Amino acid sequence: IAANRPIDTTEWNRNDGFSPGAMVVTRVPGVDLDKTGAPRLTDLSASLKSDAPVMLIDADTLEQKLVWVELDNNTVSAPEKQSLNIRVAKNLEWGHRYIVVLRNMKDAQGKAIEAGPAFQIYRDNHESKLDFVNARRPHMESLFATLKKAGVARESLYLAWDFTVASRKNTTGRMLAIRDQGFAALTNGTPTFTATATDLTVAQDDRIARRVEGTITVPSFVVTPNTGTDITPVAAAVAPYLQGGPLALANIKTAFDAIGDKPLPLPRFKYASATPGVNDVPVQNGTMTVPYVCNIPRSALNVDGTVKPARISLYGHGLFGKRTEANASNVRSMANEHNFVFCAVNWYGFSQDEILPSVFAFFDLSNAQVPFDTTQQGVLNMLMLGRAMKSAQGFATHPAFQMGTVPTSVLDTGELFYDGNSQGGILGGMFMSVAQDVQRGVLGVPGMNYSLLLERSADWPQFAAMVYGSYPDSLDQQFIFSLWQTLWDRAEANGYAQAMTDNPLPGTPPHKVLMHVGYGDHQVSMWAAEVEARTIGAKLYCPALAPGRHPDANPYFQLSCMDNAAGHDGSAIVIWDSGPGRTTAPPQDNNPPTTGEDPHEHPRATVAARVQKSEFLKTGGKVGDGWGNAPCRT
């Protein structure tokens with residue numbers, strides 16, 4: 001409980017299963033993973049061995065899934081609270097049932113650890129006088145029978161149980177519903193917009209000729225209840241962070257606790273019914289006005305004053321950032337070097353303007369759905385911006401987007417692309433999975449599955465202090481990550497990745513994505529990027545790294561190499577390495593990197609990386625050789 005309040009489980013009750021990237025959490029007192037021989041991140045292939053002591057088995061196909069096992073490394077001083085976490089290295093399938101198997105667990109002396117008495121009741125057919133225990137016995141017998149078919153002996157088991165992954169419809173249905181309702185509500189299929197142009201001198205900007213700012217009006221599916229509760233003290237405590245300072249956690253918590261259990265004016269989906277499972281489709285609640293910014297590069301104008309229409313691309317900003325990240329040096333360079341017009345809106349729900357609702361969600365899990373509901377609206381807003389860019393009735397008709405001696409549209413509306421970095425790479429995976437107007441996108445320094453990402457990110461500690469302040473028990477914290485993920489799947493790539501590329505969602509075209517990963521990234525774990533690449537079926541640029549650079553005994557397991565010479569006409573993952581002496585291999589446990597430089601911004605700042613992106617973001621584009629058939633270096 002947070003501030004002595006129980007968690008409101010309404011949103012979890014809307015789910016019909018667990019996450020396809022489920023973080024499986026249990027506890028095995030005294031276990032030594034090395035003595036046990038548990039599959040580790042260093043060699044994922046070990047999880048597919050027939051005698052693996054930890055397995056995840058599809059209950060219908062009996063297929064062993066690719067997993068690794070780790071102990072919570074943040075509880076070494078409190079071993080009685082240390083969880084054993086099972087991570088999937090390639091996402092599970094929607095709607096499938098899986099059996100978790102732990103067997104032949106051993107301690108540091110190599111001695112077998114005895115199963116707990118509750119599980120022994122079922123495994124060894126002990127009698128019980130408890131009706132609810134006996135009521136579960138037929139299900140457990142069925143589970144043991146399935147495991148026998150899979151070659152797992154009943155007597156070897158330390159623990160076993162099953163769970164079902166949420167269905168595709170349950171996970172993605174809200175986002176698809178607001179997408180389809182939202183576009184159906186538009187006049188002529190295009191959002192209304194305003195636009196104001198500002199021409200820039202070369203002295204002001206040697207890469208951008210004109211900046212266009214304005215608004216688009218989009219259907220809204222969120223509502224902020226008028227509860228009358230004053231949350232301005234929390235806003236005041238958060239304000240210094242928005243001005244570039246640290247999070248004043250003590251001040252925030254004091255303001256938060258003063259509110260107590262009063263109802264909060266926080267935005268969330270408007271549902272036709274408040275009862276979970278009755279009608280879980282969001283309904284429109286009017287419209288919202290969304291600011292945007294676009295940059296027209298100097299390369300869109302020829303020396304004779306005629307227009308050279310530029311490719312059009314959306315840009316996705318980073319963690320709690322703003323649309324003005326499109327004005328960053330690397331984005332302006334990409335625009336002018338390769339003749340792109342980049343446009344951006346805030347990721348509503350996950351931008352600097354929405355950090356306040358997120359604070360309430362960090363402090364109290366009863367508010368967990370707030371950033372997830374609003375982020376889905378944010379993805380819709382980005383889709384709407386894309387429609388305004390691409391539509392024949394959109395931006396191209398406005399004088400702000402027309403230049404030259406004979407005013408002509410600078411927008412090549414033949415194809416719309418996507419490029420995003422960091423959070424823009426993470427949410428970009430979800431965006432690409434539901435986009436109808438975009439079929440090619442670049443995911444810069446991406447990853448997925450926040451239950452994997454959070455503790456491995458150097459950005460997490462300041463936000464963790466809020467969560468841990470409300471939920472101080474370290475074992476609870478690991479369960480919280482798993483609980484969060486079942487809701488977060490609605491609003492990040494992890495819930496959608498199976499449909500991101502060649503197996504699209506209903507009413508959605510297939511997509512091709514290029515993942516640019518920073519080796520040893522401090523903020524978005526490269527391990528999470530590898531999981532995403534396996535799930536979407538991306539090919540690996542090879543050689544990915546110099547020999548011996550990757551810490552795994554079996555690097556990039558189940559990722560096959562692309563054809564560098566011919567160029568790859570499909571989705572790909574490219575590792576950009578800043579080199580020994582600058583970046584180091586990240587920890588393999590659930591801690592962030594702390595040594596060497598953070599390469600998080602290096603790929604986008606690299607000329608060769610931008611060339612590779614440009615060759616991909618074109619009609620008929622391909623992923624080309626980024627560094628002369630050698631590992632890609634920033």
# chains A, B, ... in the order shown; residues from 1 in each chain; ligands from 1
>>> residues_around(residues="range 40-51 of chain A", least_positions_apart="6", cutoff="9 Å", atoms="only C-alpha atoms", output="count of residues only")
24
>>> residues_around(residues="His139 in chain A", least_positions_apart="3", cutoff="12 Å", atoms="only C-alpha atoms", output="PyMOL selection string")
chain A and resi 122-123+133-136+142-146+160-162
>>> write_last_selection(atoms="C-alpha atoms", output="mmCIF file, in the first residue's frame")
data_model
loop_
_atom_site.group_PDB
_atom_site.id
_atom_site.type_symbol
_atom_site.label_atom_id
_atom_site.label_comp_id
_atom_site.auth_asym_id
_atom_site.auth_seq_id
_atom_site.Cartn_x
_atom_site.Cartn_y
_atom_site.Cartn_z
ATOM 1 C CA TYR A 122 0.466 -31.142 -5.064
ATOM 2 C CA ARG A 123 3.712 -32.648 -6.320
ATOM 3 C CA VAL A 133 -6.256 -26.301 -1.866
ATOM 4 C CA ASN A 134 -8.012 -29.476 -2.974
ATOM 5 C CA ALA A 135 -10.068 -27.550 -5.523
ATOM 6 C CA ARG A 136 -6.876 -26.692 -7.371
ATOM 7 C CA SER A 142 -3.174 -31.582 -15.586
ATOM 8 C CA LEU A 143 -0.085 -29.379 -15.401
ATOM 9 C CA PHE A 144 2.089 -32.297 -14.227
ATOM 10 C CA ALA A 145 0.739 -34.430 -17.102
ATOM 11 C CA THR A 146 1.658 -31.747 -19.636
ATOM 12 C CA ALA A 160 5.754 -25.088 -11.279
ATOM 13 C CA TRP A 161 2.745 -23.008 -12.232
ATOM 14 C CA ASP A 162 1.093 -21.631 -15.355
#
>>> residues_around(residues="range 571-581 of chain A", least_positions_apart="5", cutoff="6 Å", atoms="only C-alpha atoms", output="list in words")
Lys512, Val513, Leu514, Met515, His516, Val517, Gly518, Tyr519, Ala538, Lys539, Leu540, Tyr541, Ala544, Cys632, Arg633 and Thr634 of chain A
>>> atom_distance(atom1="CA of Pro506 in chain A", atom2="CA of Met175 in chain A")
11.7 Å
>>> closest_residue(among="A:Leu453, A:Val410, A:Val278, A:Ala328", to="Asn302 in chain A", atoms="only C-alpha atoms")
A:Val410
>>> atom_distance(atom1="CA of Pro593 in chain A", atom2="CA of Asp32 in chain A")
23.8 Å
>>> residues_around(residues="Gly21 in chain A", least_positions_apart="6", cutoff="7 Å", atoms="only C-alpha atoms", output="list of chain:residue names")
A:Val88, A:Asn91, A:Leu92, A:Asn449, A:Asn494
>>> write_last_selection(atoms="C-alpha atoms", output="tab-separated table (two decimals), in the first residue's frame")
chain	number	residue	atom	x	y	z
A	88	VAL	CA	11.93	-13.57	-21.75
A	91	ASN	CA	8.31	-12.04	-26.47
A	92	LEU	CA	5.66	-14.66	-25.77
A	449	ASN	CA	9.58	-3.67	-21.84
A	494	ASN	CA	6.37	-4.43	-25.74
